[in-house]
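One file, target-v6.txt, is given below (compact mmCIF, C-alpha atoms).
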# COMPACT_ATOMS: atom_id res chain seq x y z
CA MET S 1 27.83 8.90 9.34
CA LEU S 2 29.49 8.10 6.03
CA ILE S 3 27.79 5.51 3.85
CA TYR S 4 29.96 3.86 1.17
CA GLN S 5 29.18 1.71 -1.83
CA ASN S 6 31.59 -0.99 -2.94
CA PHE S 7 32.27 -1.44 -6.65
CA CYS S 8 33.78 -4.35 -8.59
CA ASN S 9 37.24 -2.82 -8.36
CA ASN S 10 36.96 -2.95 -4.54
CA GLN S 11 37.08 0.83 -4.36
CA CYS S 12 34.79 2.67 -1.95
CA ARG S 13 33.06 5.78 -3.18
CA LEU S 14 31.30 8.30 -0.98
CA ILE S 15 27.64 8.50 -1.86
CA ARG S 16 26.04 10.71 0.71
CA ILE S 17 26.19 11.87 4.30
CA PHE S 18 23.20 10.75 6.35
CA GLU S 19 22.07 11.70 9.78
CA PHE S 20 21.09 8.08 10.24
CA ARG S 21 18.70 8.47 13.14
CA LYS S 22 16.37 10.66 11.03
CA ILE S 23 15.85 7.99 8.39
CA LYS S 24 12.67 5.94 8.64
CA TYR S 25 13.11 2.38 9.81
CA ALA S 26 12.22 0.77 6.47
CA THR S 27 14.89 2.87 4.77
CA LYS S 28 17.42 1.94 7.48
CA VAL S 29 16.78 -1.73 6.89
CA PHE S 30 17.18 -1.25 3.14
CA LEU S 31 20.51 0.56 3.57
CA ILE S 32 21.81 -2.12 5.92
CA MET S 33 20.74 -4.87 3.51
CA LYS S 34 22.61 -3.09 0.75
CA LEU S 35 25.71 -2.79 2.91
CA LEU S 36 25.56 -6.46 3.81
CA THR S 37 25.91 -7.33 0.12
CA LEU S 38 29.31 -5.63 -0.03
CA ASN S 39 32.50 -7.62 -0.42
CA ASN S 40 33.31 -8.94 3.05
CA LYS S 41 37.01 -8.84 2.20
CA ASN S 42 36.86 -5.08 2.21
CA LYS S 43 37.50 -4.33 5.88
CA ALA S 44 36.48 -0.68 5.69
CA CYS S 45 33.03 -1.57 4.37
CA THR S 46 32.62 -4.33 6.96
CA ILE S 47 33.37 -1.85 9.75
CA LEU S 48 30.81 0.55 8.29
CA VAL S 49 28.16 -2.19 8.31
CA MET S 50 28.83 -2.76 12.01
CA LEU S 51 28.65 0.96 12.73
CA CYS S 52 25.33 1.25 10.87
CA LEU S 53 23.84 -1.62 12.87
CA PHE S 54 25.09 -0.09 16.12
CA VAL S 55 23.71 3.38 15.35
CA THR S 56 20.39 1.87 14.23
CA CYS S 57 19.98 0.13 17.60
CA LEU S 58 20.84 3.33 19.46
CA SER S 59 18.48 5.43 17.36
CA LEU S 60 15.60 2.99 17.86
CA GLN S 61 16.14 3.15 21.60
CA ALA S 62 16.47 6.94 21.60
CA GLN S 63 13.34 7.79 19.63
CA THR S 64 10.13 6.24 18.38
CA SER S 65 9.42 6.18 14.67
CA PHE S 66 5.89 6.66 13.35
CA ALA S 67 4.50 5.50 10.02
CA ASN S 68 3.08 8.97 9.37
CA LYS S 69 2.74 12.41 10.89
CA ASN S 70 -0.88 11.81 11.89
CA LEU S 71 0.10 8.96 14.24
CA ALA S 72 2.81 11.13 15.79
CA GLN S 73 0.21 13.83 16.47
CA ILE S 74 -2.15 11.31 18.08
CA MET S 75 0.64 10.09 20.35
CA ALA S 76 1.45 13.68 21.28
CA LYS S 77 -2.15 14.13 22.46
CA LEU S 78 -1.97 10.87 24.41
CA SER S 79 1.01 12.22 26.34
CA ASN S 80 -1.58 14.30 28.23
CA TYR S 81 -2.90 10.97 29.52
CA ASP S 82 0.54 9.80 30.70
CA VAL S 83 1.10 7.53 27.68
CA SER S 84 4.78 7.44 26.78
CA GLU S 85 5.89 7.78 23.17
CA ASP S 86 7.47 4.33 23.11
CA PHE S 87 4.40 2.54 24.51
CA VAL S 88 3.30 -0.62 22.66
CA GLY S 89 0.35 -2.82 23.60
CA GLU S 90 -3.00 -2.22 25.30
CA HIS S 91 -3.79 0.29 28.03
CA TYR S 92 -7.04 1.46 29.60
CA ILE S 93 -7.58 5.23 29.83
CA TYR S 94 -10.89 5.47 31.63
CA SER S 95 -11.35 9.17 30.92
CA ILE S 96 -11.47 8.24 27.22
CA SER S 97 -13.33 4.93 27.40
CA GLN S 98 -14.58 2.92 30.36
CA GLU S 99 -14.79 -0.33 28.41
CA LYS S 100 -12.30 -0.35 25.54
CA PRO S 101 -8.50 -0.13 25.80
CA LEU S 102 -6.11 2.00 23.82
CA ILE S 103 -4.06 -0.17 21.45
CA VAL S 104 -0.68 0.74 19.94
CA GLN S 105 0.96 -1.56 17.39
CA GLN S 106 4.39 -1.57 15.77
CA GLN S 107 5.95 -3.27 12.77
CA PHE S 108 9.71 -3.36 12.21
CA GLY S 109 10.15 -0.89 15.08
CA THR S 110 7.75 1.70 13.63
CA THR S 111 4.41 2.57 15.22
CA ASN S 112 1.87 1.89 12.49
CA HIS S 113 -1.43 1.87 14.40
CA ILE S 114 -2.95 3.74 17.34
CA GLY S 115 -6.62 3.37 18.14
CA ILE S 116 -9.38 2.24 20.45
CA LYS S 117 -9.51 -1.55 20.29
CA LEU S 118 -12.88 -2.43 18.82
CA PHE S 119 -12.17 -5.52 16.72
CA ASP S 120 -10.82 -8.92 17.68
CA ARG S 121 -7.33 -9.46 16.21
CA GLU S 122 -8.26 -12.96 15.10
CA LEU S 123 -11.00 -11.43 12.93
CA ILE S 124 -8.56 -8.93 11.42
CA ASN S 125 -5.98 -11.63 10.71
CA LYS S 126 -8.60 -13.81 9.07
CA HIS S 127 -10.09 -10.99 6.99
CA PRO S 128 -7.33 -8.35 6.57
CA SER S 129 -8.54 -4.86 5.75
CA PRO S 130 -7.27 -1.34 6.51
CA LEU S 131 -10.86 -0.39 7.35
CA TYR S 132 -10.68 -2.04 10.78
CA TYR S 133 -7.64 0.02 11.74
CA PHE S 134 -9.17 3.20 10.31
CA ILE S 135 -12.35 2.81 12.36
CA GLU S 136 -10.35 2.20 15.56
CA ARG S 137 -8.06 5.17 14.90
CA TYR S 138 -10.84 7.54 13.85
CA PHE S 139 -12.97 6.92 16.92
CA LEU S 140 -9.93 7.53 19.12
CA GLU S 141 -9.25 10.81 17.30
CA LEU S 142 -12.85 11.90 17.86
CA LEU S 143 -12.61 11.02 21.57
CA LEU S 144 -9.41 13.08 21.85
CA SER S 145 -11.25 16.14 20.51
CA GLN S 146 -11.67 19.06 22.88
CA ASN S 147 -15.37 19.74 22.33
CA ASN S 148 -18.45 19.06 20.22
CA ASN S 149 -17.79 21.95 17.83
CA GLU S 150 -14.38 20.53 16.95
CA ILE S 151 -15.94 17.15 16.20
CA GLN S 152 -18.75 18.64 14.09
CA THR S 153 -16.27 20.69 12.07
CA ARG S 154 -14.09 17.66 11.43
CA LEU S 155 -16.97 15.41 10.40
CA LYS S 156 -18.18 18.05 7.96
CA GLN S 157 -14.76 18.69 6.43
CA GLU S 158 -14.03 15.00 5.99
CA ARG S 159 -17.57 14.19 4.79
CA VAL S 160 -18.07 11.62 7.54
CA LYS S 161 -21.53 10.85 8.91
CA LEU S 162 -22.31 9.26 12.27
CA SER S 163 -25.75 8.24 13.48
CA SER S 164 -26.69 6.30 16.58
CA GLU S 165 -29.47 5.39 18.95
CA TYR S 166 -27.55 7.50 21.48
CA TYR S 167 -28.36 10.70 19.58
CA PRO S 168 -29.85 13.07 20.59
CA LYS S 169 -29.97 11.55 24.07
CA ALA S 170 -26.42 12.73 24.76
CA PRO S 171 -24.08 15.47 23.48
CA LEU S 172 -22.00 14.47 20.47
CA LEU S 173 -18.75 13.67 22.33
CA GLU S 174 -20.57 11.73 25.03
CA GLY S 175 -22.62 9.91 22.38
CA ILE S 176 -19.42 8.80 20.62
CA ARG S 177 -18.05 7.56 23.93
CA GLN S 178 -21.24 5.54 24.43
CA ILE S 179 -20.86 4.05 20.94
CA VAL S 180 -17.32 2.94 21.77
CA ASP S 181 -18.20 1.59 25.21
CA GLY S 182 -21.25 -0.21 23.86
CA PHE S 183 -19.42 -1.74 20.88
CA SER S 184 -19.55 -5.53 21.17
CA SER S 185 -18.17 -8.53 19.33
CA GLU S 186 -21.75 -9.79 19.46
CA HIS S 187 -22.85 -7.00 17.11
CA SER S 188 -23.45 -7.85 13.47
CA ILE S 189 -21.26 -5.60 11.32
CA ILE S 190 -22.15 -4.89 7.70
CA ILE S 191 -19.74 -2.85 5.54
CA ASN S 192 -20.90 -1.78 2.09
CA CYS S 193 -19.38 0.42 -0.59
CA SER S 194 -21.44 2.44 -3.05
CA ASN S 195 -20.81 5.66 -5.02
CA HIS S 196 -17.27 5.97 -3.62
CA ARG S 197 -18.49 5.85 -0.02
CA TYR S 198 -18.28 3.20 2.68
CA SER S 199 -21.10 2.57 5.11
CA MET S 200 -20.69 0.52 8.25
CA ILE S 201 -23.82 -0.54 10.12
CA ALA S 202 -23.79 -2.26 13.51
CA THR S 203 -26.90 -4.07 14.73
CA ASP S 204 -27.65 -6.01 17.91
CA GLY S 205 -29.83 -8.50 16.05
CA LYS S 206 -33.00 -6.48 16.56
CA LYS S 207 -32.16 -2.89 15.71
CA GLU S 208 -29.42 -0.67 14.34
CA VAL S 209 -27.05 0.45 17.08
CA PHE S 210 -25.09 2.92 14.97
CA SER S 211 -23.95 3.67 11.44
CA PHE S 212 -20.71 5.17 10.19
CA GLU S 213 -20.35 6.53 6.66
CA PHE S 214 -17.15 7.88 5.07
CA PRO S 215 -15.61 8.44 1.63
CA VAL S 216 -13.31 5.95 -0.10
CA ARG S 217 -10.20 8.09 0.21
CA ASN S 218 -6.69 6.83 0.89
CA GLU S 219 -5.55 9.85 2.92
CA LEU S 220 -8.54 9.57 5.27
CA ILE S 221 -8.41 5.79 5.73
CA THR S 222 -4.63 5.35 6.12
CA GLY S 223 -3.88 8.71 7.75
CA GLU S 224 -1.05 9.26 5.26
CA THR S 225 -0.82 12.42 3.20
CA LYS S 226 -0.23 12.00 -0.53
CA LEU S 227 3.35 13.18 -0.03
CA GLU S 228 3.96 10.62 2.73
CA ALA S 229 2.48 7.85 0.60
CA GLU S 230 4.63 8.80 -2.39
CA ASN S 231 7.80 8.93 -0.31
CA SER S 232 7.13 5.56 1.32
CA LEU S 233 6.47 3.66 -1.92
CA TYR S 234 10.11 3.20 -2.97
CA PRO S 235 11.45 1.95 0.43
CA LYS S 236 8.55 -0.52 0.66
CA LEU S 237 9.21 -1.70 -2.88
CA MET S 238 12.92 -2.20 -2.18
CA LEU S 239 12.08 -4.42 0.79
CA HIS S 240 9.84 -6.61 -1.37
CA ARG S 241 12.02 -9.29 -2.84
CA THR S 242 9.65 -12.19 -3.54
CA ASN S 243 7.81 -13.04 -6.70
CA SER S 244 5.01 -15.54 -6.16
CA ASN S 245 5.22 -16.66 -9.80
CA THR S 246 2.01 -18.64 -9.41
CA GLY S 247 -0.33 -19.06 -12.34
CA PRO S 248 -4.12 -19.30 -12.23
CA ASP S 249 -5.99 -22.47 -11.40
CA GLU S 250 -7.45 -24.38 -14.33
CA VAL S 251 -11.00 -23.75 -13.12
CA ASP S 252 -10.41 -19.99 -13.46
CA LEU S 253 -9.39 -20.21 -17.11
CA SER S 254 -11.70 -19.92 -20.10
CA THR S 255 -11.07 -20.71 -23.76
CA TYR S 256 -9.66 -17.77 -25.70
CA LYS S 257 -8.99 -19.18 -29.17
CA ASP S 258 -7.47 -22.31 -30.63
CA SER S 259 -5.41 -23.87 -27.81
CA LEU S 260 -5.12 -20.64 -25.81
CA PHE S 261 -6.81 -19.75 -22.54
CA VAL S 262 -7.57 -16.43 -20.86
CA TYR S 263 -7.66 -15.53 -17.19
CA ASN S 264 -9.59 -12.61 -15.67
CA ASP S 265 -11.22 -11.32 -18.83
CA GLU S 266 -12.10 -7.94 -17.30
CA TYR S 267 -11.51 -4.31 -18.27
CA TYR S 268 -11.26 -1.02 -16.40
CA MET S 269 -13.44 1.91 -17.45
CA THR S 270 -12.71 1.28 -21.12
CA GLU S 271 -12.33 -1.97 -23.05
CA ASN S 272 -8.82 -0.88 -24.06
CA ILE S 273 -7.49 -1.31 -20.51
CA ILE S 274 -7.69 -4.95 -19.45
CA ALA S 275 -6.69 -7.29 -16.63
CA SER S 276 -6.51 -10.33 -18.92
CA SER S 277 -3.56 -12.69 -19.13
CA TYR S 278 -3.15 -15.48 -21.69
CA TYR S 279 -1.90 -19.06 -21.30
CA LYS S 280 -1.15 -22.24 -23.14
CA LYS S 281 -1.02 -25.73 -21.68
CA ASP S 282 2.40 -27.29 -21.23
CA GLU S 283 2.01 -30.90 -20.07
CA ASP S 284 0.17 -30.59 -16.74
CA LYS S 285 0.53 -26.84 -16.19
CA TYR S 286 -0.43 -23.56 -17.83
CA ILE S 287 2.27 -21.08 -18.79
CA PRO S 288 1.99 -17.45 -19.98
CA VAL S 289 2.13 -16.91 -23.74
CA PHE S 290 5.08 -14.98 -25.18
CA ASP S 291 4.83 -15.40 -28.93
CA LYS S 292 5.63 -13.13 -31.91
CA ASN S 293 2.38 -14.23 -33.52
CA LEU S 294 0.48 -13.06 -30.45
CA LEU S 295 2.19 -9.73 -29.89
CA SER S 296 -0.65 -7.90 -28.12
CA GLU S 297 -1.36 -10.83 -25.81
CA SER S 298 2.37 -11.07 -25.02
CA VAL S 299 2.50 -7.38 -24.06
CA TYR S 300 -0.47 -7.79 -21.72
CA ASN S 301 1.19 -10.82 -20.15
CA LEU S 302 4.29 -8.78 -19.29
CA PHE S 303 2.20 -6.80 -16.80
CA ASN S 304 -0.85 -8.92 -16.00
CA ALA S 305 0.67 -12.40 -15.66
CA SER S 306 3.20 -13.93 -13.25
CA TYR S 307 6.40 -15.34 -14.75
CA LYS S 308 10.08 -15.84 -13.91
CA GLU S 309 11.87 -14.23 -16.88
CA ASN S 310 14.30 -11.44 -16.04
CA VAL S 311 12.43 -8.43 -17.43
CA GLN S 312 13.51 -5.05 -16.09
CA ILE S 313 11.63 -1.78 -15.82
CA GLU S 314 13.15 1.66 -15.29
CA VAL S 315 10.60 3.78 -13.46
CA THR S 316 10.65 7.54 -13.08
CA GLN S 317 8.25 8.31 -10.25
CA LYS S 318 6.73 11.77 -10.61
CA MET S 319 6.20 13.17 -7.14
CA TYR S 320 4.68 16.14 -5.37
CA GLY S 321 6.57 19.42 -5.82
CA ASN S 322 7.98 18.46 -9.24
CA LYS S 323 10.33 15.95 -7.62
CA THR S 324 11.26 12.68 -9.30
CA ASN S 325 12.74 9.37 -8.21
CA THR S 326 14.21 7.04 -10.84
CA PHE S 327 14.93 3.39 -10.14
CA THR S 328 15.30 0.09 -12.00
CA ILE S 329 13.73 -3.12 -10.74
CA SER S 330 12.52 -6.51 -11.92
CA LEU S 331 9.10 -6.04 -13.55
CA PRO S 332 7.61 -9.30 -12.15
CA ILE S 333 8.70 -8.31 -8.64
CA MET S 334 7.21 -4.82 -8.98
CA MET S 335 3.89 -6.20 -10.22
CA ASP S 336 3.89 -8.76 -7.39
CA PHE S 337 4.52 -5.96 -4.87
CA LEU S 338 1.58 -3.94 -6.21
CA ARG S 339 -0.67 -7.00 -5.93
CA THR S 340 0.35 -7.47 -2.29
CA GLN S 341 -0.81 -3.86 -1.80
CA HIS S 342 -4.28 -5.04 -2.91
CA CYS S 343 -3.99 -3.47 -6.34
CA GLN S 344 -5.60 -5.01 -9.42
CA ILE S 345 -3.28 -4.70 -12.42
CA TYR S 346 -4.65 -3.50 -15.76
CA SER S 347 -2.72 -2.66 -18.92
CA GLY S 348 -3.50 -1.06 -22.24
CA ILE S 349 -1.73 -0.49 -25.55
CA ARG S 350 -1.95 3.01 -27.00
CA LYS S 351 0.40 2.66 -29.96
CA MET S 352 2.21 -0.21 -31.64
CA ASP S 353 4.47 -0.06 -34.70
CA LYS S 354 7.54 -1.87 -36.00
CA GLU S 355 9.86 0.03 -33.68
CA ASN S 356 8.09 0.77 -30.40
CA ILE S 357 5.10 -0.04 -28.24
CA GLU S 358 3.50 2.57 -25.98
CA GLY S 359 0.87 1.98 -23.36
CA VAL S 360 -0.33 2.33 -19.80
CA ILE S 361 -0.25 0.21 -16.64
CA LEU S 362 -2.87 0.90 -13.98
CA ALA S 363 -2.59 -0.55 -10.48
CA VAL S 364 -6.02 0.10 -8.99
CA ASN S 365 -6.71 -0.14 -5.26
CA ALA S 366 -10.49 0.10 -5.14
CA GLU S 367 -10.52 -0.51 -1.37
CA LEU S 368 -8.54 2.67 -0.65
CA GLY S 369 -9.67 4.68 -3.67
CA TYR S 370 -6.37 5.28 -5.45
CA GLN S 371 -4.46 4.12 -8.49
CA HIS S 372 -0.89 4.14 -9.73
CA MET S 373 -0.56 5.07 -13.39
CA MET S 374 2.53 4.17 -15.42
CA MET S 375 2.96 5.28 -19.02
CA PHE S 376 5.42 2.86 -20.62
CA THR S 377 7.47 2.52 -23.80
CA MET S 378 9.35 -0.54 -25.03
CA LYS S 379 10.86 -2.06 -28.16
CA SER S 380 8.52 -4.03 -30.42
CA ASP S 381 11.07 -6.79 -31.07
CA PHE S 382 11.19 -8.06 -27.48
CA LEU S 383 10.29 -11.65 -28.37
CA PRO S 384 11.36 -14.27 -27.61
CA LEU S 385 12.26 -13.41 -24.02
CA GLN S 386 15.79 -14.73 -24.26
CA GLU S 387 17.69 -11.63 -23.18
CA GLU S 388 16.95 -9.03 -20.55
CA LEU S 389 14.22 -6.67 -21.69
CA MET S 390 14.21 -3.07 -20.46
CA ILE S 391 10.92 -1.18 -20.27
CA ASN S 392 10.80 2.56 -19.49
CA ALA S 393 7.90 4.06 -17.56
CA SER S 394 6.78 7.33 -15.99
CA MET S 395 4.80 6.69 -12.81
CA TYR S 396 2.16 8.86 -11.15
CA SER S 397 1.35 7.31 -7.78
CA TYR S 398 -1.58 7.50 -5.37
CA ILE S 399 -3.90 9.44 -7.63
CA PRO S 400 -7.64 9.27 -6.85
CA ILE S 401 -9.61 6.84 -8.96
CA HIS S 402 -11.24 8.61 -11.87
CA ASN S 403 -12.47 7.90 -15.38
CA VAL S 404 -9.42 7.18 -17.53
CA SER S 405 -11.29 6.47 -20.76
CA THR S 406 -10.12 9.78 -22.25
CA LEU S 407 -6.60 8.36 -22.45
CA PHE S 408 -7.68 5.84 -25.05
CA GLY S 409 -10.85 7.23 -26.54
CA LYS S 410 -14.09 5.35 -26.84

Can you turn what I pasted into structure tokens?
Amino acid sequence: MLIYQNFCNNQCRLIRIFEFRKIKYATKVFLIMKLLTLNNKNKACTILVMLCLFVTCLSLQAQTSFANKNLAQIMAKLSNYDVSEDFVGEHYIYSISQEKPLIVQQQFGTTNHIGIKLFDRELINKHPSPLYYFIERYFLELLLSQNNNEIQTRLKQERVKLSSEYYPKAPLLEGIRQIVDGFSSEHSIIINCSNHRYSMIATDGKKEVFSFEFPVRNELITGETKLEAENSLYPKLMLHRTNSNTGPDEVDLSTYKDSLFVYNDEYYMTENIIASSYYKKDEDKYIPVFDKNLLSESVYNLFNASYKENVQIEVTQKMYGNKTNTFTISLPIMMDFLRTQHCQIYSGIRKMDKENIEGVILAVNAELGYQHMMMFTMKSDFLPLQEELMINASMYSYIPIHNVSTLFGK
């Protein structure tokens, strides 16, 4: 299928030839949204939009899309239990579990979760966390194993520990099945994190029923490889088009100096990388500070605060295999997107002179054990924010959390 882009002179230029059905759903939606912004007066482009929509519908009917390769492999194993690839919902497979159903969930037409249903969906909606889905998926994967040796090898390789009152009363695979069947909403569940490891303990009010310990590692918890995560970042970002632009509550602010206030006066690994944002009071609300006399605070606010000014950032994403992806986007929208991914934003200034400012942005997801690192450069004379500001950054995404103090010294 030929995809065209319409320019101001109403000319159509060939960009690329896609085999549309092989594109992931999120990317399909993005392409269609782009096409819908074309000039409706251009009949050729309008026809192409209709064709794209038609082929998308056909492709979604013809094949099921999976969020990652791991989920596709799980579904392939489930085909041995007469589960079709396009199945969505709950289904009991008694040879796997006598008490708990298989659950398959989709979002935007893509299967994004397959597991043994252990947790009430109301609980997950009230306290969202990828850990619930990981635990459901991981226990299903263990139950789909062929034998005890396969399970033991996997647990060792992935540094996962399981203990239960069912051991050593039953073989490993049978003991895991008893854990799943005996799992109850009446159990008290405690999840702790220490030394880069999660521990989940289930008790029945009197004694420990089982414990489950695993490392804080994005690839293990989400099932995505680093390459899959890197490739999915840009399509997800392009679909994010809201900026909350909400400032902190007054009770969360503390006095900084003079008539200025600071929010979230925290740092990451080194005091040179901070999450702080700075505000002044304007009538009955607090607004971020952008002032030539407060240059450092203004730089931190560009990344750490929420605001509406039209600041742009050109990002070159460094990817696996020496590949790169360069794109330009609104900086407030990108920071808002990273926050919705449960990342805490930190920024630091490495160098500042009359011409340029250099520094780092860290988006840290402690829950999944990764961080995005962006090394940025910008002009020093960016204030006041009257015109569009362009910031340039090199981005290294989904890198394991580690000590970054060497970037800035002690």

Could the residues of segment 246-350 of chain S that have an atom at most 7 Å from segment 368-389 of chain S be listed as CSV, each with its closest atom pair and the distance in Å to one decimal, counting only C-alpha atoms and ordered by chain and ascending residue number?
residue,atom,partner,partner_atom,distance
S:Phe290,CA,S:Pro384,CA,6.8
S:Asp291,CA,S:Leu383,CA,6.6
S:Lys292,CA,S:Leu383,CA,6.0
S:Asn310,CA,S:Glu388,CA,5.8
S:Val311,CA,S:Leu389,CA,4.9
S:Gln312,CA,S:Leu389,CA,5.9

Open item on the list: List the spatial neighbours of segment 115-132 of chain S as a VMD selection string - criterion: any atom at most 9 Å away, all atoms listed in the file, same-chain residues fewer than 4 positions off excluded.
Closed with: chain S and resid 90 97 100 to 104 136 to 141 180 183 to 185 221 to 222 367 to 368

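In this comparison, which uses all atoms listed in the file, the residue of S:Ser95, S:Ser347, S:Thr110, S:Ser188 approaching Leu78 of chain S most closely is S:Ser95.
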
TODO: Rounded to one decimal place, report the atom CA of Lys226 of chain S-atom CA of Tyr320 of chain S distance in Å.
DONE: 8.0 Å

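For the set S:Asn392, S:Thr64, S:Ser164, S:Asn192, the residue with the smallest atom-to-atom gap to Lys207 of chain S is S:Ser164, counting all atoms listed in the file.
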
Task: Given only C-alpha atoms as the counted atoms, nearest of S:Val360, S:Met352, S:Asp284, S:Leu233 to Asn325 of chain S - done: S:Leu233

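In terms of minimum interatomic distance to Pro288 of chain S, S:Leu302 ranks closest within S:Ala366, S:Leu237, S:Leu302, S:Ala229, counting all atoms listed in the file.
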
TODO: Quick one: pull the distance between atom CA of Ser259 of chain S and atom CA of Ser298 of chain S, Å, one decimal.
DONE: 15.2 Å

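Atom CA of Ala275 of chain S lies 27.7 Å from atom CA of Leu220 of chain S.
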
Taking all listed atoms of segment 225-237 of chain S, build the axis-aligned box, pad each of the six sides by 3 Å, then write its centre and edge lengths in Å to one decimal as AutoDock Vina command-line options.
--center_x 5.3 --center_y 5.7 --center_z 0.1 --size_x 18.3 --size_y 20.9 --size_z 12.2

Open item on the list: Given only C-alpha atoms as the basis, pick out the residue of S:Phe261, S:Phe212, S:Tyr398, S:Phe337 nearest to Asn365 of chain S.
Closed with: S:Tyr398

Open item on the list: Need the shell around Gly348 of chain S: protein/DNA/RNA residues with any atom at most 10 Å away, counting only C-alpha atoms. Skip same-chain ones fewer than 5 positions apart. Format as a list in words?
Closed with: Tyr267, Tyr268, Thr270, Glu271, Asn272, Ile273, Ile274, Ala275, Ser296, Val299, Tyr300, Phe303, Glu358, Gly359, Val360, Ile361, Leu362, Met375, Phe376, Leu407 and Phe408 of chain S
